[in-house]
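Student: Can you read through this structure? Questions will come right after.
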Amino acid sequence: MIRVENVSKKYGPLLAVDNISFHVERGGVVGFLGPNGAGKSTTMKILTCFQPATSGSASVAGFDVFKQSLEARRRTGYLPENTPLYPEMRGDEFLHFRGKLRGMQRPQRLEAIKRVTDRCWLGDFISRPIGHLSKGMRQRVGLADAMLHDPDVLVLDEPTIGLDPNQIRETRSLIKELGERHTVLLSSHILHEVEQTCDRTIIIAAGKIIASGSTDELQKQFSAHARVIAEIKGPADEMAAGVKALPGVQDVEVTASDGWVRLAVSPKPDHDVREDLFKLATSKGWSLREIRLEGATLEDFFVKVTAEQQRSHPL
Amino acid sequence: MGNILTMARRELGAYFLSPIAYVVIAIFLFTSGLVFGIGAFQPGAEASLRTLFDFWIILILALVLPMLTMRLMSEELRSGTIETLMTAPITEIEVVVGKFVGAMAFYGAMLATLLIYPIILSMYGNVDPVMLLCNYIGLLLLGGLYITVGLFFSTCTKHQVVAILLTAGVLAFMTFAFDPLSQLLEGWPRVILQQLSVRTHFHDFVRGLIDLNHLAFFVTMVGLFLFLAVKRLEMRRWQ
Ligand SMILES: Nc1ncnc2c1ncn2[C@@H]1O[C@H](COP(=O)(O)OP(=O)(O)OP(=O)(O)O)[C@@H](O)[C@H]1O
Ligand SMILES: [Mg+2]
C-alpha cells in the first residue's frame with residue numbers, strides 16, 4: 001500500500017529525511033515513532049503529495065506520489081500536524097466542501113458525513129462553527145475529514161496530541177478499528193502509544209530509520225543489546241575469568257571499587273546469564289549485592305536514541 | 001470545472017462569514033455615495049455618473065479590493081489549511097481560478113449596489129443604457145485586474161498585511177503613475193508606459209466605448225497575473 005524507496009528531503013542545507021526506505025502492506029496500523037525533528041512530518045508530507053522528495057520515489061496505493069499525484073491523493077486521507085481547519089465554517093459545511101473536492105455527490109456526501117460524525121463521536125458539534133470547538137473536537141473534525149472518502153491509506157500526524165486522557169483512549173481505539181479496513185500510518189513521540197495501537201513500528205531519528213518491526217520483534221532486537229549488571233564482593237581477576245568462562249557470556253567489563261566489583265556482562269543472543277552468575281557467586285562464597293538487566297526495554301532504547309540525536313543534531 | 005465552482009463557493013461563503021466583507025461593503029457604499037452625492041446634485045450638473053466613474057471609482061476600488069483579496073491565499077498559508085487543501089485531489093490552477101471566481105462574485109454583488117445611482121438619476125433625466133453597460137463592463141474588467149493582482153500577492157506571503165500593502169502599492173502605481181511618468185520619457189519607453197497605464201485603458205469604457213485594444217489589455221493582464229499566481233503556488237512545493 002505504501003512504498004518508500006531511498007527518499008531524501010533537504011530544506012536548504014538541512015537534511016531532514018536521509019535516504020529512507022520502507023514498505024507497508026495492506027491493512028494494519030503502522031507507527032512512525034521518533035523524537036522532535038526526526039523527520040516524521042516531512043516524510044508524511046511527501047507521502048501525501050504536499051511536497052516532493054529531493055530524491056528517491058514513493059507510492060501510495062500503487063500510484064507514484066509525484067507522477068500520479070492526483071490519483072494518489074484520491075486514495076489518501078491526511079490529518080496534518082496541528083489539524084488546520086477553516087474556523088469560520090461549520091463542521092458539516094466543511095465536510096461538504098471536502099466531499100465535493102473528493103468528487104462525491106450530495107446523497108453520497110450526506111451518508112459519508114453521517115458515518116464519520118458517528119464514528120468520531122462528533123454528535124451535534126458537527127453543526128457548530130469550527131472556531132468555537134475545543135481542541136479535541138477540532139481534532140475529531142480533522143479525523144472525520146481524513147476518513148470521509150473511505151480512503152485506502154490514512155496518514156495521521158500525531159493524532160492524539162493535545163487531547164485529554166479519555167479522548168486519547170477513544171482515539172486510539174478508533175485508530176485500531178480503522179486499521180482493520182484501512183492502511184494507517186500514524187506518527188507519535190510516545191512509545192507507549194505506538195506499542196498500544198500499532199501492529200508495526202518504524203523508529204526514526206535524525207532523518208534515518210533506526211529500527212522497524214512488530215513490537216515483539218523490536219523487543220527481541222533490543223534485548224540483544226541488554227546487559228546484566230551485577231555487584232559482587234570478591235577478587236576481581238578471578239571473578240572476571242570465572243564469568244567469562246560461563247557458557248552464555250559474550251563479554252564482560254569489570255570495575256572494582258571499595259571491595260565491591262561491578263560486572264557489566266553482555267550475554268550472547270537469547271541467553272539469560274543471571275542464574276549462572278548467581279550460582280557462580282554462591283559456589284565461590286562471594287556475596288552478591290545487586291543483579292539486574294539493563295537496557296532491555298524498548299523504552300530504554302528509545303530514550304537512548306533520542307538522546308543521541310539531540311547530541312549530534314542540537315535543534 | 002467542478003472543483004473550481006466548489007472552491008469559488010467556499011470563498012464566497014467565507015466572505016459573508018467574515019467581518020472584513022462587511023467593512024469593505026460599508027466603505028464602498030459610503031465613499032461611492034459621497035462622491036455621487038457631491039457630483040450629481042451640483043446645480044447645473046448633467047445627469048450622469050461621470051464624476052464617480054471617471055476618477056473616484058478607480059481610486060476607491062484600488063483601496064478597497066486589496067482588502068478583499070489579501071486573505072485569499074495568505075490565510076491558507078498562515079493557518080496551514082493549504083496542507084489539507086493541496087493534499088485533496090485539486091490542482092493549483094483550480095485553486096487559483098476558483099478563488100478568483102469567488103472574489104469576482106463578491107465584487108459583482110458590490111457593483112450591483114452601484115445600480116442605485118442610475119436608478120436615482122433616471123428619475124431626474126435620461127440614463128443611457130448602452131453607456132451604463134459599457135461602464136459596467138469596464139468596471140468588471142478593472143476590478144478583475146485588481147483582484148488578480150491582489151490574488152497574486154496573496155500567494156506570495158502568509159502575512160495579510162504584507163499582501164494588502166504590496167497590492168495597493170502596485171495597483172496605485174499601475175493605475176495612476178504610469179501615465180504621468182510616460183510624459184517624462186521619449187520614444188518607445190514612453191509608448192510602453194502609456195500602453196500599461198490602467199487608467200488610460202479604463203477611460204474609454206467610461207465614455208461609453210468598447211475598444212478591442214482596451215479589452216485585450218485587461219484580459220491579458222488578468223491572464224498574466226492568474227498565471228503568475230499559479231506558478232507561485234506551484235513553486236511553494238519546492239521550498
Ligand atoms: N519547511 C521547512 N523548512 C525548513 N526546515 C524544515 C521545514 N520543515 C521541517 N524542517 C526541518 O526538518 C526537520 C524534520 O522536521 P519534521 O517536522 O519532519 O520533524 P518531526 O519528526 O515531524 O518532528 P515533531 O515530532 O516535532 O513533529 C527539522 O529539523 C525541521 O526543523
Ligand atoms: Mg511532526
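Residue numbers start at 1 in each chain; chains themselves are named A, B, ... in the order of the C-alpha cells; ligands are numbered from 1 in the order shown.
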What does the list of residues within 7 Å of ligand 2 look like if you count only C-alpha atoms and all ligand atoms, written as a list in words?
Tutor: Asn36, Gly37, Gly39, Lys40, Ser41, Glu81 and Asp157 of chain A
Student: Compute the set of protein, DNA and RNA residues whose minimum atom distance to ligand 1 is at most 10 Å, using only C-alpha atoms and all ligand atoms, and state it as a PDB file with C-alpha atoms, in the first residue's frame.
Tutor:
ATOM      1  CA  LYS A   9      14.402  15.585   1.648  1.00  0.00           C
ATOM      2  CA  LYS A  10      16.568  18.645   2.008  1.00  0.00           C
ATOM      3  CA  TYR A  11      15.488  22.011   3.346  1.00  0.00           C
ATOM      4  CA  GLY A  12      18.346  24.143   2.106  1.00  0.00           C
ATOM      5  CA  PRO A  13      21.434  22.646   3.719  1.00  0.00           C
ATOM      6  CA  LEU A  14      19.416  20.691   6.283  1.00  0.00           C
ATOM      7  CA  LEU A  15      18.883  17.032   5.509  1.00  0.00           C
ATOM      8  CA  ALA A  16      15.512  16.417   7.167  1.00  0.00           C
ATOM      9  CA  VAL A  17      14.999  12.920   5.741  1.00  0.00           C
ATOM     10  CA  PHE A  32       6.124   6.230  12.982  1.00  0.00           C
ATOM     11  CA  LEU A  33       7.997   6.842  16.173  1.00  0.00           C
ATOM     12  CA  GLY A  34      10.674   9.435  16.701  1.00  0.00           C
ATOM     13  CA  PRO A  35      11.765  12.456  18.717  1.00  0.00           C
ATOM     14  CA  ASN A  36      11.047  16.066  17.692  1.00  0.00           C
ATOM     15  CA  GLY A  37      12.632  16.998  14.408  1.00  0.00           C
ATOM     16  CA  ALA A  38      13.233  13.379  13.420  1.00  0.00           C
ATOM     17  CA  GLY A  39      11.598  13.846  10.027  1.00  0.00           C
ATOM     18  CA  LYS A  40       8.222  12.190  10.645  1.00  0.00           C
ATOM     19  CA  SER A  41       6.076  15.047   9.386  1.00  0.00           C
ATOM     20  CA  THR A  42       8.403  15.626   6.459  1.00  0.00           C
ATOM     21  CA  THR A  43       8.025  12.006   5.344  1.00  0.00           C
ATOM     22  CA  MET A  44       4.256  12.246   5.717  1.00  0.00           C
ATOM     23  CA  LYS A  45       4.129  15.413   3.633  1.00  0.00           C
ATOM     24  CA  GLN A  51       5.911  18.262  -1.003  1.00  0.00           C
ATOM     25  CA  GLU A  81       0.035  18.112  12.443  1.00  0.00           C
ATOM     26  CA  ASN A  82      -1.980  20.664  14.456  1.00  0.00           C
ATOM     27  CA  ASP A 157       0.334  13.099  12.009  1.00  0.00           C
ATOM     28  CA  GLU A 158       0.239  12.970  15.802  1.00  0.00           C
ATOM     29  CA  SER A 187       3.239   9.325  13.912  1.00  0.00           C
ATOM     30  CA  SER A 188       3.933   9.802  17.560  1.00  0.00           C
ATOM     31  CA  HIS A 189       6.599  10.706  20.099  1.00  0.00           C
ATOM     32  CA  ILE A 190       5.120   8.355  22.594  1.00  0.00           C
ATOM     33  CA  ILE A 204      13.154   7.227  13.027  1.00  0.00           C
ATOM     34  CA  ALA A 205      15.688   9.699  14.381  1.00  0.00           C
ATOM     35  CA  ALA A 206      17.670  12.453  12.679  1.00  0.00           C
ATOM     36  CA  GLY A 207      16.067  11.550   9.350  1.00  0.00           C
ATOM     37  CA  HIS A 313      21.730  17.351  15.952  1.00  0.00           C
ATOM     38  CA  PRO A 314      21.165  20.042  18.538  1.00  0.00           C
ATOM     39  CA  LEU A 315      17.883  21.665  17.493  1.00  0.00           C
TER      40      LEU A 315
ATOM     41  CA  ARG B 236       5.809  26.574  -2.859  1.00  0.00           C
ATOM     42  CA  ARG B 237       6.179  22.784  -3.166  1.00  0.00           C
ATOM     43  CA  TRP B 238       9.850  23.064  -3.874  1.00  0.00           C
ATOM     44  CA  GLN B 239      10.753  25.175  -0.888  1.00  0.00           C
TER      45      GLN B 239
END
Student: Using only C-alpha atoms, what table do you get, as JSON lines, when you list each residue of chain A with an atom no more than 10 Å from chain B, its nearest pair of atoms, and their distance in Å rounded to one decimal, rows by chain then rising number?
Tutor:
{"residue": "A:Lys10", "atom": "CA", "partner": "B:Gln239", "partner_atom": "CA", "distance": 9.2}
{"residue": "A:Tyr11", "atom": "CA", "partner": "B:Gln239", "partner_atom": "CA", "distance": 7.1}
{"residue": "A:Gly12", "atom": "CA", "partner": "B:Gln239", "partner_atom": "CA", "distance": 8.2}
{"residue": "A:Lys45", "atom": "CA", "partner": "B:Glu83", "partner_atom": "CA", "distance": 8.5}
{"residue": "A:Leu47", "atom": "CA", "partner": "B:Thr87", "partner_atom": "CA", "distance": 9.7}
{"residue": "A:Thr48", "atom": "CA", "partner": "B:Thr87", "partner_atom": "CA", "distance": 6.0}
{"residue": "A:Cys49", "atom": "CA", "partner": "B:Thr87", "partner_atom": "CA", "distance": 6.1}
{"residue": "A:Phe50", "atom": "CA", "partner": "B:Thr87", "partner_atom": "CA", "distance": 5.7}
{"residue": "A:Gln51", "atom": "CA", "partner": "B:Arg237", "partner_atom": "CA", "distance": 5.0}
{"residue": "A:Pro52", "atom": "CA", "partner": "B:Arg237", "partner_atom": "CA", "distance": 6.7}
{"residue": "A:Ala53", "atom": "CA", "partner": "B:Trp238", "partner_atom": "CA", "distance": 8.9}
{"residue": "A:Thr54", "atom": "CA", "partner": "B:Trp238", "partner_atom": "CA", "distance": 8.6}
{"residue": "A:Ser69", "atom": "CA", "partner": "B:Pro89", "partner_atom": "CA", "distance": 8.1}
{"residue": "A:Leu70", "atom": "CA", "partner": "B:Pro89", "partner_atom": "CA", "distance": 5.1}
{"residue": "A:Glu71", "atom": "CA", "partner": "B:Pro89", "partner_atom": "CA", "distance": 7.5}
{"residue": "A:Ala72", "atom": "CA", "partner": "B:Pro89", "partner_atom": "CA", "distance": 8.5}
{"residue": "A:Arg73", "atom": "CA", "partner": "B:Pro89", "partner_atom": "CA", "distance": 5.5}
{"residue": "A:Arg74", "atom": "CA", "partner": "B:Pro89", "partner_atom": "CA", "distance": 5.7}
{"residue": "A:Arg75", "atom": "CA", "partner": "B:Pro89", "partner_atom": "CA", "distance": 9.3}
{"residue": "A:Thr76", "atom": "CA", "partner": "B:Thr87", "partner_atom": "CA", "distance": 8.4}
{"residue": "A:Gly77", "atom": "CA", "partner": "B:Ala88", "partner_atom": "CA", "distance": 8.4}
{"residue": "A:Tyr78", "atom": "CA", "partner": "B:Thr84", "partner_atom": "CA", "distance": 7.2}
{"residue": "A:Leu79", "atom": "CA", "partner": "B:Thr84", "partner_atom": "CA", "distance": 7.6}
{"residue": "A:Pro80", "atom": "CA", "partner": "B:Glu83", "partner_atom": "CA", "distance": 7.2}
{"residue": "A:Glu81", "atom": "CA", "partner": "B:Gly80", "partner_atom": "CA", "distance": 9.3}
{"residue": "A:Asn82", "atom": "CA", "partner": "B:Gly80", "partner_atom": "CA", "distance": 8.7}
{"residue": "A:Thr83", "atom": "CA", "partner": "B:Thr81", "partner_atom": "CA", "distance": 8.3}
{"residue": "A:Pro84", "atom": "CA", "partner": "B:Thr81", "partner_atom": "CA", "distance": 5.0}
{"residue": "A:Leu85", "atom": "CA", "partner": "B:Thr81", "partner_atom": "CA", "distance": 5.8}
{"residue": "A:Tyr86", "atom": "CA", "partner": "B:Thr81", "partner_atom": "CA", "distance": 7.2}
{"residue": "A:Pro87", "atom": "CA", "partner": "B:Ser79", "partner_atom": "CA", "distance": 9.7}
{"residue": "A:Glu88", "atom": "CA", "partner": "B:Leu17", "partner_atom": "CA", "distance": 6.3}
{"residue": "A:Met89", "atom": "CA", "partner": "B:Ala14", "partner_atom": "CA", "distance": 7.4}
{"residue": "A:Glu93", "atom": "CA", "partner": "B:Arg10", "partner_atom": "CA", "distance": 9.2}
{"residue": "A:Phe94", "atom": "CA", "partner": "B:Arg10", "partner_atom": "CA", "distance": 8.9}
{"residue": "A:His96", "atom": "CA", "partner": "B:Thr6", "partner_atom": "CA", "distance": 9.7}
{"residue": "A:Phe97", "atom": "CA", "partner": "B:Thr6", "partner_atom": "CA", "distance": 6.8}
{"residue": "A:Arg98", "atom": "CA", "partner": "B:Ala88", "partner_atom": "CA", "distance": 8.0}
{"residue": "A:Gly99", "atom": "CA", "partner": "B:Ala88", "partner_atom": "CA", "distance": 9.8}
{"residue": "A:Lys100", "atom": "CA", "partner": "B:Thr6", "partner_atom": "CA", "distance": 6.7}
{"residue": "A:Leu101", "atom": "CA", "partner": "B:Asn3", "partner_atom": "CA", "distance": 5.9}
{"residue": "A:Arg102", "atom": "CA", "partner": "B:Pro89", "partner_atom": "CA", "distance": 6.6}
{"residue": "A:Gly103", "atom": "CA", "partner": "B:Gly2", "partner_atom": "CA", "distance": 8.1}
{"residue": "A:Gly142", "atom": "CA", "partner": "B:Thr84", "partner_atom": "CA", "distance": 9.3}
{"residue": "A:Asp145", "atom": "CA", "partner": "B:Thr84", "partner_atom": "CA", "distance": 9.4}
{"residue": "A:Ala146", "atom": "CA", "partner": "B:Thr84", "partner_atom": "CA", "distance": 9.2}
Student: Could the residues in this selection be saved with N, CA and C atoms as a short mmCIF file (atom, residue, chain, number, x, y, z; two decimals), in the first residue's frame?
Tutor:
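Output file out.cif follows:
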data_model
loop_
_atom_site.label_atom_id
_atom_site.label_comp_id
_atom_site.auth_asym_id
_atom_site.auth_seq_id
_atom_site.Cartn_x
_atom_site.Cartn_y
_atom_site.Cartn_z
N LYS A 10 15.70 17.59 1.51
CA LYS A 10 16.57 18.64 2.01
C LYS A 10 15.78 19.94 2.13
N TYR A 11 15.96 20.63 3.24
CA TYR A 11 15.49 22.01 3.35
C TYR A 11 16.74 22.87 3.33
N GLY A 12 17.08 23.42 2.19
CA GLY A 12 18.35 24.14 2.11
C GLY A 12 19.47 23.18 2.44
N LYS A 45 4.46 14.42 4.66
CA LYS A 45 4.13 15.41 3.63
C LYS A 45 4.51 14.91 2.25
N LEU A 47 4.55 11.69 1.40
CA LEU A 47 3.60 10.62 1.07
C LEU A 47 2.23 11.15 0.67
N THR A 48 1.84 12.31 1.22
CA THR A 48 0.52 12.84 0.90
C THR A 48 0.58 13.83 -0.25
N CYS A 49 1.71 13.88 -0.95
CA CYS A 49 1.88 14.73 -2.13
C CYS A 49 1.87 16.21 -1.82
N PHE A 50 2.14 16.59 -0.57
CA PHE A 50 2.19 18.02 -0.28
C PHE A 50 3.52 18.60 -0.73
N GLN A 51 4.58 17.82 -0.59
CA GLN A 51 5.91 18.26 -1.00
C GLN A 51 6.59 17.12 -1.73
N PRO A 52 7.31 17.41 -2.79
CA PRO A 52 8.06 16.32 -3.43
C PRO A 52 9.35 16.04 -2.66
N ALA A 53 9.82 14.80 -2.79
CA ALA A 53 11.09 14.46 -2.17
C ALA A 53 12.22 15.08 -2.99
N THR A 54 13.36 15.31 -2.36
CA THR A 54 14.52 15.82 -3.09
C THR A 54 15.08 14.72 -3.99
N SER A 69 0.14 12.12 -8.94
CA SER A 69 -0.21 12.75 -7.68
C SER A 69 -1.72 12.77 -7.41
N LEU A 70 -2.52 13.14 -8.42
CA LEU A 70 -3.97 13.27 -8.18
C LEU A 70 -4.58 11.92 -7.81
N GLU A 71 -4.14 10.86 -8.52
CA GLU A 71 -4.65 9.52 -8.22
C GLU A 71 -4.26 9.10 -6.80
N ALA A 72 -3.00 9.37 -6.45
CA ALA A 72 -2.54 9.02 -5.10
C ALA A 72 -3.34 9.79 -4.06
N ARG A 73 -3.59 11.08 -4.33
CA ARG A 73 -4.32 11.90 -3.36
C ARG A 73 -5.76 11.42 -3.17
N ARG A 74 -6.37 10.93 -4.27
CA ARG A 74 -7.74 10.43 -4.16
C ARG A 74 -7.85 9.28 -3.18
N ARG A 75 -6.76 8.53 -3.03
CA ARG A 75 -6.81 7.32 -2.21
C ARG A 75 -6.22 7.50 -0.82
N THR A 76 -5.91 8.75 -0.49
CA THR A 76 -5.27 9.03 0.79
C THR A 76 -6.12 9.97 1.62
N GLY A 77 -6.18 9.71 2.90
CA GLY A 77 -6.77 10.67 3.83
C GLY A 77 -5.66 11.14 4.74
N TYR A 78 -5.63 12.45 5.03
CA TYR A 78 -4.48 13.01 5.74
C TYR A 78 -4.95 13.91 6.86
N LEU A 79 -4.41 13.68 8.02
CA LEU A 79 -4.62 14.59 9.14
C LEU A 79 -3.28 15.23 9.46
N PRO A 80 -3.06 16.49 9.02
CA PRO A 80 -1.75 17.11 9.26
C PRO A 80 -1.56 17.42 10.75
N GLU A 81 -0.32 17.68 11.09
CA GLU A 81 0.04 18.11 12.44
C GLU A 81 -0.80 19.36 12.78
N ASN A 82 -1.25 19.47 14.00
CA ASN A 82 -1.98 20.66 14.46
C ASN A 82 -3.34 20.87 13.80
N THR A 83 -3.80 19.93 12.98
CA THR A 83 -5.15 19.95 12.42
C THR A 83 -5.60 21.32 11.92
N PRO A 84 -5.04 21.80 10.82
CA PRO A 84 -5.51 23.08 10.30
C PRO A 84 -6.91 22.96 9.72
N LEU A 85 -7.80 23.90 10.10
CA LEU A 85 -9.19 23.89 9.62
C LEU A 85 -9.62 25.33 9.38
N TYR A 86 -10.76 25.51 8.70
CA TYR A 86 -11.30 26.86 8.48
C TYR A 86 -12.21 27.20 9.66
N PRO A 87 -11.78 28.13 10.54
CA PRO A 87 -12.56 28.36 11.75
C PRO A 87 -13.94 28.95 11.49
N GLU A 88 -14.11 29.64 10.36
CA GLU A 88 -15.40 30.30 10.15
C GLU A 88 -16.48 29.34 9.67
N MET A 89 -16.06 28.17 9.18
CA MET A 89 -17.05 27.23 8.65
C MET A 89 -17.63 26.36 9.75
N GLU A 93 -20.55 21.95 7.03
CA GLU A 93 -20.22 22.72 5.82
C GLU A 93 -18.84 22.33 5.29
N PHE A 94 -17.91 22.27 6.26
CA PHE A 94 -16.53 21.91 5.91
C PHE A 94 -16.48 20.52 5.28
N HIS A 96 -18.87 18.96 3.75
CA HIS A 96 -19.48 19.01 2.41
C HIS A 96 -18.47 19.53 1.39
N PHE A 97 -17.77 20.61 1.79
CA PHE A 97 -16.75 21.18 0.90
C PHE A 97 -15.70 20.14 0.55
N ARG A 98 -15.22 19.44 1.56
CA ARG A 98 -14.18 18.43 1.33
C ARG A 98 -14.72 17.28 0.48
N GLY A 99 -15.96 16.91 0.75
CA GLY A 99 -16.58 15.83 -0.02
C GLY A 99 -16.69 16.19 -1.49
N LYS A 100 -17.06 17.46 -1.75
CA LYS A 100 -17.16 17.91 -3.15
C LYS A 100 -15.80 17.86 -3.83
N LEU A 101 -14.77 18.29 -3.11
CA LEU A 101 -13.42 18.20 -3.68
C LEU A 101 -13.06 16.76 -4.00
N ARG A 102 -13.62 15.84 -3.24
CA ARG A 102 -13.36 14.42 -3.47
C ARG A 102 -14.28 13.86 -4.54
N GLY A 103 -15.08 14.74 -5.15
CA GLY A 103 -15.97 14.29 -6.24
C GLY A 103 -17.17 13.50 -5.77
N GLY A 142 -11.02 17.01 12.04
CA GLY A 142 -9.93 16.70 11.11
C GLY A 142 -9.87 15.22 10.77
N ASP A 145 -12.67 14.34 8.48
CA ASP A 145 -12.34 14.74 7.11
C ASP A 145 -11.42 13.72 6.45
N ALA A 146 -10.43 13.24 7.20
CA ALA A 146 -9.49 12.27 6.62
C ALA A 146 -10.19 10.97 6.25
#
Student: Write out as a list in words the residues lying within 12 Å of Leu59 of chain B, counting only C-alpha atoms and excluding same-chain residues fewer than 2 positions away.
Tutor: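 Near Leu59 of chain B, the qualifying residues are Phe28, Thr31, Ser32, Val35, Leu52, Phe53, Asp54, Phe55, Trp56, Ile57, Leu61, Ala62, Leu63, Val64, Leu65, Pro66, Leu142, Gly143, Tyr146, Ala168, Gly169, Leu171, Ala172, Phe173, Met174, Thr175, Phe176, Val198 and Arg199 of chain B.
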Student: Using only C-alpha atoms, which residues sit within 8 Å of segment 114-118 of chain A once same-chain residues fewer than 2 positions away are excluded, as a list in words?
Tutor: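 In the requested form, the answer reads Leu110, Glu111, Ala112, Cys120, Trp121, Leu122, Gly123, Ile126, Ala144, Asp145, Met147 and Leu148 of chain A.
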Student: May I ask for the distance between atom CA of Ala163 of chain B and atom CA of Gln195 of chain B, given in Å to one decimal place?
Tutor: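 These two atoms are separated by 25.8 Å.
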Student: Separation of atom CA of Met221 of chain B and atom CA of Leu114 of chain B, in Å?
Tutor: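 Interatomic distance here is 25.0 Å.
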Student: What parts of segment 43-233 of chain A does DSSP call alpha helix (DSSP H)? I'd like the answer as a VMD selection string.
Tutor: chain A and resid 43 to 47 69 to 74 91 to 101 106 to 119 135 to 147 165 to 181 191 to 197 215 to 223
